[in-house]
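Structure data (compact mmCIF, C-alpha atoms) from target-v7.txt:
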```txt
# COMPACT_ATOMS: atom_id res chain seq x y z
CA GLU E 1 13.17 3.70 7.58
CA THR E 2 11.89 3.44 4.01
CA GLY E 3 13.21 6.79 2.75
CA VAL E 4 9.72 8.30 2.64
CA THR E 5 8.71 10.73 5.36
CA GLN E 6 5.30 12.16 6.15
CA THR E 7 4.22 15.04 8.34
CA PRO E 8 2.31 15.44 10.48
CA ARG E 9 1.95 11.95 11.90
CA HIS E 10 -1.35 12.80 13.57
CA LEU E 11 -3.87 15.50 12.66
CA VAL E 12 -7.19 16.42 14.19
CA MET E 13 -9.25 18.96 12.31
CA GLY E 14 -12.72 20.37 12.23
CA MET E 15 -14.87 20.22 9.14
CA THR E 16 -14.25 23.88 8.35
CA ASN E 17 -10.46 23.77 8.68
CA LYS E 18 -7.88 23.80 5.92
CA LYS E 19 -4.77 21.72 6.44
CA SER E 20 -2.07 20.08 4.35
CA LEU E 21 -0.28 16.77 4.54
CA LYS E 22 3.32 16.65 3.39
CA CYS E 23 5.32 13.79 1.94
CA GLU E 24 8.99 13.73 1.01
CA GLN E 25 10.97 10.94 -0.57
CA HIS E 26 14.75 10.68 -0.49
CA LEU E 27 15.05 7.78 -2.93
CA GLY E 28 15.31 9.53 -6.27
CA HIS E 29 12.04 8.01 -7.40
CA ASN E 30 9.92 9.33 -10.25
CA ALA E 31 6.42 8.37 -9.11
CA MET E 32 4.56 9.34 -5.95
CA TYR E 33 1.19 8.22 -4.62
CA TRP E 34 -1.46 9.15 -2.09
CA TYR E 35 -3.51 6.35 -0.54
CA LYS E 36 -6.37 6.33 1.93
CA GLN E 37 -6.57 3.42 4.38
CA SER E 38 -9.78 2.95 6.31
CA ALA E 39 -10.38 0.21 8.85
CA LYS E 40 -11.08 -3.22 7.33
CA LYS E 41 -11.04 -1.89 3.76
CA PRO E 42 -8.47 -2.35 1.02
CA LEU E 43 -6.06 0.45 0.35
CA GLU E 44 -7.66 3.09 -1.86
CA LEU E 45 -5.46 4.82 -4.39
CA MET E 46 -6.26 8.54 -4.51
CA PHE E 47 -3.67 10.18 -6.74
CA VAL E 48 -0.56 9.27 -8.71
CA TYR E 49 2.12 11.65 -9.93
CA SER E 50 4.82 10.62 -12.37
CA LEU E 51 7.62 13.08 -13.11
CA GLU E 52 5.55 15.74 -11.33
CA GLU E 53 2.58 15.22 -13.62
CA ARG E 54 -0.68 13.85 -12.26
CA VAL E 55 -1.38 10.64 -14.14
CA GLU E 56 -4.20 9.11 -12.11
CA ASN E 57 -7.05 10.56 -10.12
CA ASN E 58 -9.42 7.93 -8.84
CA SER E 59 -12.64 9.94 -8.53
CA VAL E 60 -11.52 11.64 -5.36
CA PRO E 61 -13.77 14.42 -3.97
CA SER E 62 -12.54 17.91 -4.69
CA ARG E 63 -12.09 18.60 -0.98
CA PHE E 64 -8.80 16.70 -1.46
CA SER E 65 -6.33 18.61 -3.63
CA PRO E 66 -2.88 17.21 -4.42
CA GLU E 67 0.20 19.18 -5.31
CA CYS E 68 3.57 17.93 -6.56
CA PRO E 69 6.03 20.82 -6.83
CA ASN E 70 8.96 18.53 -7.65
CA SER E 71 9.76 14.84 -7.82
CA SER E 72 10.70 14.66 -4.14
CA HIS E 73 7.71 16.37 -2.56
CA LEU E 74 4.02 15.68 -2.55
CA PHE E 75 1.26 17.50 -0.70
CA LEU E 76 -2.37 16.76 -0.02
CA HIS E 77 -4.39 19.87 0.73
CA LEU E 78 -7.52 19.30 2.76
CA HIS E 79 -10.53 21.57 3.12
CA THR E 80 -14.09 21.19 4.39
CA LEU E 81 -13.60 17.50 5.13
CA GLN E 82 -16.28 15.17 6.44
CA PRO E 83 -16.05 12.82 9.43
CA GLU E 84 -15.98 9.84 7.05
CA ASP E 85 -12.67 11.18 5.70
CA SER E 86 -11.04 10.14 8.96
CA ALA E 87 -8.45 7.53 8.03
CA LEU E 88 -4.74 6.81 7.71
CA TYR E 89 -3.33 8.65 4.69
CA LEU E 90 -0.30 7.00 3.22
CA CYS E 91 2.21 8.39 0.79
CA ALA E 92 4.33 6.10 -1.35
CA SER E 93 6.93 6.39 -4.07
CA SER E 94 8.31 4.11 -6.74
CA LEU E 95 11.12 4.25 -9.21
CA GLN E 96 9.07 3.88 -12.38
CA ALA E 97 7.97 6.42 -14.85
CA PHE E 98 5.93 5.19 -17.79
CA SER E 99 7.32 1.66 -17.51
CA GLY E 100 3.94 0.06 -17.97
CA VAL E 101 4.01 -2.28 -14.98
CA PRO E 102 3.71 -1.21 -11.32
CA ASP E 103 6.87 -1.95 -9.38
CA GLU E 104 7.77 -1.96 -5.71
CA GLN E 105 6.35 0.91 -3.71
CA PHE E 106 7.99 2.48 -0.68
CA PHE E 107 5.59 3.83 1.91
CA GLY E 108 5.81 6.56 4.49
CA PRO E 109 4.53 5.98 8.04
CA GLY E 110 1.24 7.72 7.30
CA THR E 111 -0.77 10.56 8.76
CA ARG E 112 -3.60 9.54 11.07
CA LEU E 113 -6.35 12.04 10.30
CA THR E 114 -9.38 12.58 12.49
CA VAL E 115 -12.14 14.88 11.30
CA LEU E 116 -14.46 16.11 14.02
CA SER M 1 -13.03 -3.44 -7.91
CA GLN M 2 -11.07 -5.57 -5.48
CA GLN M 3 -8.51 -7.80 -7.16
CA GLY M 4 -6.52 -9.44 -4.41
CA GLU M 5 -8.33 -11.16 -1.60
CA GLU M 6 -6.34 -12.55 1.30
CA ASP M 7 -7.31 -15.61 3.24
CA PRO M 8 -7.64 -16.01 6.16
CA GLN M 9 -8.69 -12.58 7.43
CA ALA M 10 -6.97 -13.30 10.73
CA LEU M 11 -4.47 -15.90 11.89
CA SER M 12 -3.12 -16.53 15.38
CA ILE M 13 -0.26 -18.99 15.92
CA GLN M 14 2.42 -19.81 18.46
CA GLU M 15 5.90 -18.42 18.08
CA GLY M 16 8.07 -20.83 16.16
CA GLU M 17 5.24 -22.21 14.05
CA ASN M 18 4.87 -21.57 10.33
CA ALA M 19 2.25 -19.15 9.03
CA THR M 20 0.63 -19.44 5.63
CA MET M 21 -1.49 -16.76 4.02
CA ASN M 22 -3.22 -16.96 0.67
CA CYS M 23 -4.18 -14.43 -1.94
CA SER M 24 -6.56 -14.91 -4.84
CA TYR M 25 -7.08 -12.58 -7.75
CA LYS M 26 -9.45 -12.35 -10.67
CA THR M 27 -7.70 -11.15 -13.83
CA SER M 28 -4.37 -11.89 -15.50
CA ILE M 29 -1.41 -10.14 -13.93
CA ASN M 30 2.16 -9.12 -14.68
CA ASN M 31 3.33 -9.42 -11.10
CA LEU M 32 2.09 -9.89 -7.56
CA GLN M 33 3.54 -8.23 -4.50
CA TRP M 34 3.34 -8.91 -0.79
CA TYR M 35 3.58 -6.17 1.82
CA ARG M 36 3.63 -6.10 5.62
CA GLN M 37 2.10 -3.41 7.80
CA ASN M 38 2.77 -3.09 11.49
CA SER M 39 -0.08 -1.61 13.48
CA GLY M 40 -0.97 1.89 12.26
CA ARG M 41 2.22 2.28 10.25
CA GLY M 42 3.19 2.36 6.61
CA LEU M 43 3.50 -0.72 4.46
CA VAL M 44 6.82 -2.44 3.83
CA HIS M 45 7.46 -4.33 0.62
CA LEU M 46 8.37 -8.00 1.16
CA ILE M 47 8.52 -9.76 -2.19
CA LEU M 48 7.55 -9.22 -5.83
CA ILE M 49 6.92 -12.32 -7.91
CA ARG M 50 6.46 -12.09 -11.66
CA SER M 51 3.86 -13.99 -13.61
CA ASN M 52 6.50 -16.27 -15.16
CA GLU M 53 7.88 -17.25 -11.74
CA ARG M 54 6.44 -20.00 -9.58
CA GLU M 55 8.32 -19.59 -6.33
CA LYS M 56 10.51 -17.04 -4.65
CA HIS M 57 12.39 -16.96 -1.35
CA SER M 58 13.60 -14.17 0.88
CA GLY M 59 15.00 -15.19 4.25
CA ARG M 60 12.18 -16.89 6.17
CA LEU M 61 9.64 -15.93 3.52
CA ARG M 62 8.53 -18.14 0.67
CA VAL M 63 6.05 -16.97 -1.94
CA THR M 64 4.42 -19.16 -4.53
CA LEU M 65 2.36 -18.15 -7.52
CA ASP M 66 -0.08 -20.34 -9.42
CA THR M 67 -1.36 -18.39 -12.40
CA SER M 68 -3.65 -21.21 -13.48
CA LYS M 69 -5.51 -20.92 -10.17
CA LYS M 70 -4.97 -17.16 -9.91
CA SER M 71 -3.60 -17.54 -6.42
CA SER M 72 -0.48 -16.89 -4.38
CA SER M 73 0.65 -17.95 -0.95
CA LEU M 74 3.03 -16.39 1.54
CA LEU M 75 4.75 -18.73 3.98
CA ILE M 76 6.60 -17.39 7.00
CA THR M 77 8.70 -20.09 8.61
CA ALA M 78 9.76 -20.21 12.27
CA SER M 79 7.56 -17.25 13.16
CA ARG M 80 8.66 -14.62 15.65
CA ALA M 81 6.74 -12.11 17.75
CA ALA M 82 8.05 -9.37 15.44
CA ASP M 83 6.16 -10.97 12.55
CA THR M 84 2.90 -9.83 14.15
CA ALA M 85 1.45 -7.52 11.50
CA SER M 86 -1.07 -7.33 8.68
CA TYR M 87 -0.02 -8.80 5.37
CA PHE M 88 -1.34 -7.58 2.04
CA CYS M 89 -1.07 -8.82 -1.50
CA ALA M 90 -1.25 -6.43 -4.42
CA THR M 91 -1.54 -7.03 -8.14
CA ASP M 92 -1.22 -4.75 -11.11
CA ALA M 93 -4.41 -3.48 -12.73
CA ARG M 94 -5.02 -4.31 -16.37
CA ASP M 95 -6.04 -0.81 -17.35
CA SER M 96 -3.42 1.17 -15.45
CA ASN M 97 0.34 1.54 -15.61
CA TYR M 98 0.52 2.61 -11.99
CA GLN M 99 -2.33 1.24 -9.99
CA LEU M 100 -1.93 -1.69 -7.64
CA ILE M 101 -5.06 -3.51 -6.60
CA TRP M 102 -4.97 -4.37 -2.92
CA GLY M 103 -6.67 -6.95 -0.78
CA ALA M 104 -8.02 -6.23 2.69
CA GLY M 105 -5.15 -8.11 4.31
CA THR M 106 -4.51 -10.95 6.72
CA LYS M 107 -3.94 -9.97 10.33
CA LEU M 108 -1.26 -12.27 11.78
CA ILE M 109 -0.73 -12.55 15.52
CA ILE M 110 2.24 -14.47 16.86
CA LYS M 111 1.73 -15.57 20.45
CA PRO M 112 4.87 -15.83 22.60
```
Transcribe the structure of this file into structure tokens.
Amino acid sequence: ETGVTQTPRHLVMGMTNKKSLKCEQHLGHNAMYWYKQSAKKPLELMFVYSLEERVENNSVPSRFSPECPNSSHLFLHLHTLQPEDSALYLCASSLQAFSGVPDEQFFGPGTRLTVL
Amino acid sequence: SQQGEEDPQALSIQEGENATMNCSYKTSINNLQWYRQNSGRGLVHLILIRSNEREKHSGRLRVTLDTSKKSSSLLITASRAADTASYFCATDARDSNYQLIWGAGTKLIIKP
């Protein structure tokens, strides 16, 4: 176990549904990340939060909405998704906050999302 | 844009043999990291090597870094079936304090 948990592990949703992915880290880290992993493509960084403040947003469509209520929890709210959004969504955390250089990231097991 | 590129894309070897994977990158870096991902699961950090380091060991893993060639290699010695996984390198991005740039990975299969 890496100390990062994600729920649900699998999610099937229609294009009109609204759902949320949850991530929790038990490591006392200050930064949390959402990634999208599609088959045969490099990991795509979606959002970064540092000390509960969003610091990066890599041109992600507005149908993905992150929320970080505290340094241990991170949510990804989903609405009106498209079939091409089907992928493995990974949450990660790292110790750093404003250190200037990315350090080791600890990943959760991911949520396998299928959009019908 | 993609920074790290792993080579080969796939590698299949017999248990007990050594496995070598390579990673090339384009811009100057502060550090380079290697991660492992078992099928459909999250990534696990293996090793971080800084730009002023040339070699680093961790158990059966050996990582080298050649900044002049902008490349790194990951060597797994005496491979085991449990080493079957995808391996990714990641480098820091010049214009971001947080972003890692990832390659598409090398899929390693260890045959019993």
Considering only C-alpha atoms, can you say which of M:Ser51, M:Thr106, M:Thr27, M:Gln33 comes closest to E:Gln105?
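Selected residue with least distance to E:Gln105: M:Gln33.
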Long-range neighbours of stretch 34-47 of chain E as a VMD selection string, 10 Å cut-off, only C-alpha atoms, 6 positions minimum in chain:
(chain E and resid 23 54 to 61 64 to 67 74 to 76 84 to 93 107 110 to 112) or (chain M and resid 2 to 5 9 40 88 90 98 to 105)
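Between atom CA of E:Thr114 and atom CA of E:Lys22 there is a distance of 16.1 Å.
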For the atom pair atom CA of M:Ile109 and atom CA of M:Arg36, what is the interatomic distance in Å to one decimal place?
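These two atoms are separated by 12.6 Å.
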Considering only C-alpha atoms, return as a VMD selection string whatever protein or nucleic-acid residues lie within 7 Å of M:Ala85, sequence-local ones (same chain, fewer than 3 positions apart) excluded.
chain M and resid 36 to 39 107 to 109
Rank E:His10, E:Glu53, E:Val48, E:Leu116 by their smallest atom-to-atom distance to chain M, using all atoms listed in the file, and report the top residue only.
E:Val48
Find the distance between atom CA of E:Leu113 and atom CA of E:Pro83 and write it in Å to one decimal.
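Separation between atom CA of E:Leu113 and atom CA of E:Pro83: 9.8 Å.
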Need to verify the contact set: M:Arg62, 8 Å, only C-alpha atoms, exclusion of same-chain residues closer than 4 positions in sequence. Can you return it as a list in words?
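Final neighbour list, sorted by chain and number: Glu55, Lys56, His57, Ser58, Leu74, Leu75 and Ile76 of chain M.
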File dump, residues just selected, C-alpha atoms, as an mmCIF file, in the coordinates of the input:
```cif
data_model
loop_
_atom_site.group_PDB
_atom_site.id
_atom_site.type_symbol
_atom_site.label_atom_id
_atom_site.label_comp_id
_atom_site.auth_asym_id
_atom_site.auth_seq_id
_atom_site.Cartn_x
_atom_site.Cartn_y
_atom_site.Cartn_z
ATOM 1 C CA GLU M 55 8.320 -19.590 -6.330
ATOM 2 C CA LYS M 56 10.510 -17.040 -4.650
ATOM 3 C CA HIS M 57 12.390 -16.960 -1.350
ATOM 4 C CA SER M 58 13.600 -14.170 0.880
ATOM 5 C CA LEU M 74 3.030 -16.390 1.540
ATOM 6 C CA LEU M 75 4.750 -18.730 3.980
ATOM 7 C CA ILE M 76 6.600 -17.390 7.000
#
```
Env of M:Trp34: 9 Å cut, atoms = all atoms listed in the file, seq-sep filter 6 positions within chain, self excluded. Answer as a PyMOL selection string.
chain M and resi 44-49+63+74+87-90
